[in-house]
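What follows is the content of run_33.cif, which has mmCIF, C-alpha atoms:
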data_final
loop_
_atom_site.group_PDB
_atom_site.id
_atom_site.type_symbol
_atom_site.label_atom_id
_atom_site.label_comp_id
_atom_site.auth_asym_id
_atom_site.auth_seq_id
_atom_site.Cartn_x
_atom_site.Cartn_y
_atom_site.Cartn_z
ATOM 1 C CA MET A 150 -11.356 -7.385 -26.723
ATOM 2 C CA LEU A 151 -7.703 -6.432 -27.140
ATOM 3 C CA MET A 152 -8.217 -2.972 -25.648
ATOM 4 C CA GLY A 153 -9.960 -4.504 -22.634
ATOM 5 C CA SER A 154 -7.062 -6.884 -22.069
ATOM 6 C CA ILE A 155 -4.541 -4.075 -22.369
ATOM 7 C CA ALA A 156 -6.555 -1.926 -19.955
ATOM 8 C CA GLU A 157 -6.754 -4.778 -17.448
ATOM 9 C CA LEU A 158 -3.036 -5.435 -17.757
ATOM 10 C CA PHE A 159 -2.288 -1.758 -17.182
ATOM 11 C CA PHE A 160 -4.558 -1.742 -14.117
ATOM 12 C CA TRP A 161 -2.807 -4.717 -12.549
ATOM 13 C CA PHE A 162 0.622 -3.253 -13.339
ATOM 14 C CA PHE A 163 -0.426 0.031 -11.758
ATOM 15 C CA TRP A 164 -1.902 -1.711 -8.694
ATOM 16 C CA ASP A 165 0.941 -4.146 -8.143
ATOM 17 C CA PHE A 166 3.843 -1.761 -8.492
ATOM 18 C CA LEU A 167 2.664 1.695 -7.589
ATOM 19 C CA LEU A 168 -0.319 1.452 -5.275
ATOM 20 C CA SER A 169 0.912 -1.519 -3.277
ATOM 21 C CA PHE A 170 4.242 0.222 -2.671
ATOM 22 C CA VAL A 171 2.541 3.443 -1.559
ATOM 23 C CA LEU A 172 0.025 1.650 0.673
ATOM 24 C CA TYR A 173 2.700 -0.520 2.276
ATOM 25 C CA THR A 174 5.114 2.367 2.895
ATOM 26 C CA THR A 175 2.383 4.569 4.346
ATOM 27 C CA GLY A 176 1.119 1.735 6.527
ATOM 28 C CA ALA A 177 4.604 0.946 7.803
ATOM 29 C CA VAL A 178 5.156 4.572 8.769
ATOM 30 C CA VAL A 179 1.706 4.858 10.380
ATOM 31 C CA LEU A 180 2.275 1.696 12.415
ATOM 32 C CA ARG A 181 5.664 2.979 13.540
ATOM 33 C CA VAL A 182 4.269 6.373 14.578
ATOM 34 C CA VAL A 183 1.109 5.076 16.277
ATOM 35 C CA SER A 184 2.986 2.418 18.259
ATOM 36 C CA PHE A 185 5.772 4.893 19.181
ATOM 37 C CA GLY A 186 8.366 2.760 17.409
ATOM 38 C CA ARG A 187 7.500 -0.618 18.946
ATOM 39 C CA ILE A 188 6.146 -1.999 15.644
ATOM 40 C CA GLN A 189 8.780 -1.563 12.957
ATOM 41 C CA LYS A 190 7.985 -2.874 9.500
ATOM 42 C CA PRO A 191 10.942 -2.626 7.128
ATOM 43 C CA LEU A 192 10.893 0.108 4.496
ATOM 44 C CA PHE A 193 12.097 -0.945 1.057
ATOM 45 C CA ALA A 194 13.212 0.870 -2.061
ATOM 46 C CA PRO A 195 10.806 0.474 -5.013
ATOM 47 C CA GLY A 196 13.216 -1.819 -6.865
ATOM 48 C CA VAL A 197 13.551 -4.217 -3.941
ATOM 49 C CA PHE A 198 9.923 -4.022 -2.848
ATOM 50 C CA SER A 199 8.359 -6.468 -5.316
ATOM 51 C CA SER A 200 10.847 -9.249 -4.582
ATOM 52 C CA GLU A 201 10.550 -8.776 -0.818
ATOM 53 C CA LYS A 202 6.762 -8.690 -1.055
ATOM 54 C CA ARG A 203 6.720 -12.132 -2.649
ATOM 55 C CA LEU A 204 8.972 -13.604 0.045
ATOM 56 C CA ALA A 205 6.987 -12.467 3.096
ATOM 57 C CA ARG A 206 3.372 -12.163 1.965
ATOM 58 C CA ASN A 207 1.792 -12.489 5.433
ATOM 59 C CA ASP A 208 4.153 -9.983 7.038
ATOM 60 C CA PHE A 209 3.088 -7.247 4.608
ATOM 61 C CA PHE A 210 -0.656 -7.545 5.206
ATOM 62 C CA SER A 211 -0.887 -5.419 8.358
ATOM 63 C CA ALA A 212 1.066 -2.583 6.760
ATOM 64 C CA TYR A 213 -1.151 -2.690 3.633
ATOM 65 C CA ILE A 214 -4.320 -2.519 5.699
ATOM 66 C CA SER A 215 -2.951 0.295 7.852
ATOM 67 C CA GLY A 216 -1.993 2.309 4.772
ATOM 68 C CA PHE A 217 -5.377 1.702 3.167
ATOM 69 C CA PHE A 218 -7.256 2.839 6.277
ATOM 70 C CA PHE A 219 -5.002 5.879 6.632
ATOM 71 C CA TYR A 220 -5.957 7.070 3.150
ATOM 72 C CA LEU A 221 -9.599 6.150 3.747
ATOM 73 C CA VAL A 222 -9.707 8.255 6.925
ATOM 74 C CA LEU A 223 -7.867 11.063 5.144
ATOM 75 C CA LEU A 224 -10.425 11.010 2.318
ATOM 76 C CA ALA A 225 -13.320 11.010 4.805
ATOM 77 C CA LEU A 226 -11.746 13.955 6.631
ATOM 78 C CA VAL A 227 -11.354 15.937 3.409
ATOM 79 C CA ILE A 228 -14.957 15.225 2.435
ATOM 80 C CA TRP A 229 -16.211 16.152 5.890
ATOM 81 C CA LEU A 230 -14.263 19.433 5.969
ATOM 82 C CA LYS A 231 -15.539 20.599 2.595
#
Go through the file and emit its structure as structure tokens.
Amino acid sequence: MLMGSIAELFFWFFWDFLLSFVLYTTGAVVLRVVSFGRIQKPLFAPGVFSSEKRLARNDFFSAYISGFFFYLVLLALVIWLK
């Protein structure tokens, strides 16, 4: 029971701090490149990211989704090429 709780806590820590930062940053860059600079989501340092994410939850969603789909397409491309 305790090990399961610790594992779940570690998963949420990992997801909230590391993966959400990577997905958001990748999505922001992808949106900027694909739209030729017309869509500019702000890029944050890791220390500032969690506080800014809480303030503007709806503004971050499009960058998260874009980053997720970028890595999904990249994974599909790698699988297809092998």
Who sits within 12 Å of segment 176-188 of chain A, only C-alpha atoms, same chain under 2 positions skipped, as a PyMOL selection string: chain A and resi 168-174+190-193+208-221
Atoms to include: C-alpha atoms. Write the selected residues as a compact mmCIF listing (two decimals), keeping the file's coordinate frame.
# COMPACT_ATOMS: atom_id res chain seq x y z
CA LEU A 168 -0.32 1.45 -5.28
CA SER A 169 0.91 -1.52 -3.28
CA PHE A 170 4.24 0.22 -2.67
CA VAL A 171 2.54 3.44 -1.56
CA LEU A 172 0.02 1.65 0.67
CA TYR A 173 2.70 -0.52 2.28
CA THR A 174 5.11 2.37 2.90
CA LYS A 190 7.98 -2.87 9.50
CA PRO A 191 10.94 -2.63 7.13
CA LEU A 192 10.89 0.11 4.50
CA PHE A 193 12.10 -0.94 1.06
CA ASP A 208 4.15 -9.98 7.04
CA PHE A 209 3.09 -7.25 4.61
CA PHE A 210 -0.66 -7.54 5.21
CA SER A 211 -0.89 -5.42 8.36
CA ALA A 212 1.07 -2.58 6.76
CA TYR A 213 -1.15 -2.69 3.63
CA ILE A 214 -4.32 -2.52 5.70
CA SER A 215 -2.95 0.30 7.85
CA GLY A 216 -1.99 2.31 4.77
CA PHE A 217 -5.38 1.70 3.17
CA PHE A 218 -7.26 2.84 6.28
CA PHE A 219 -5.00 5.88 6.63
CA TYR A 220 -5.96 7.07 3.15
CA LEU A 221 -9.60 6.15 3.75
Separation of atom CA of Val197 of chain A from atom CA of Phe162 of chain A in Å: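 Atom CA of Val197 of chain A lies at a distance of 16.0 Å from atom CA of Phe162 of chain A.
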One-decimal distance in Å that lies between atom CA of Ser199 of chain A and atom CA of Leu167 of chain A: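 Computing the Euclidean distance for atom CA of Leu167 of chain A and atom CA of Ser199 of chain A yields 10.2 Å.
Straight-line separation from atom CA of Phe198 of chain A to atom CA of Asp165 of chain A: 10.4 Å.
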Around all listed atoms of segment 211-225 of chain A, padded 8 Å per side, what centre and edge lengths does the axis-aligned box have in Å to one decimal, as JSON?
{"center_x": -6.1, "center_y": 2.8, "center_z": 5.3, "size_x": 30.4, "size_y": 32.5, "size_z": 22.0}
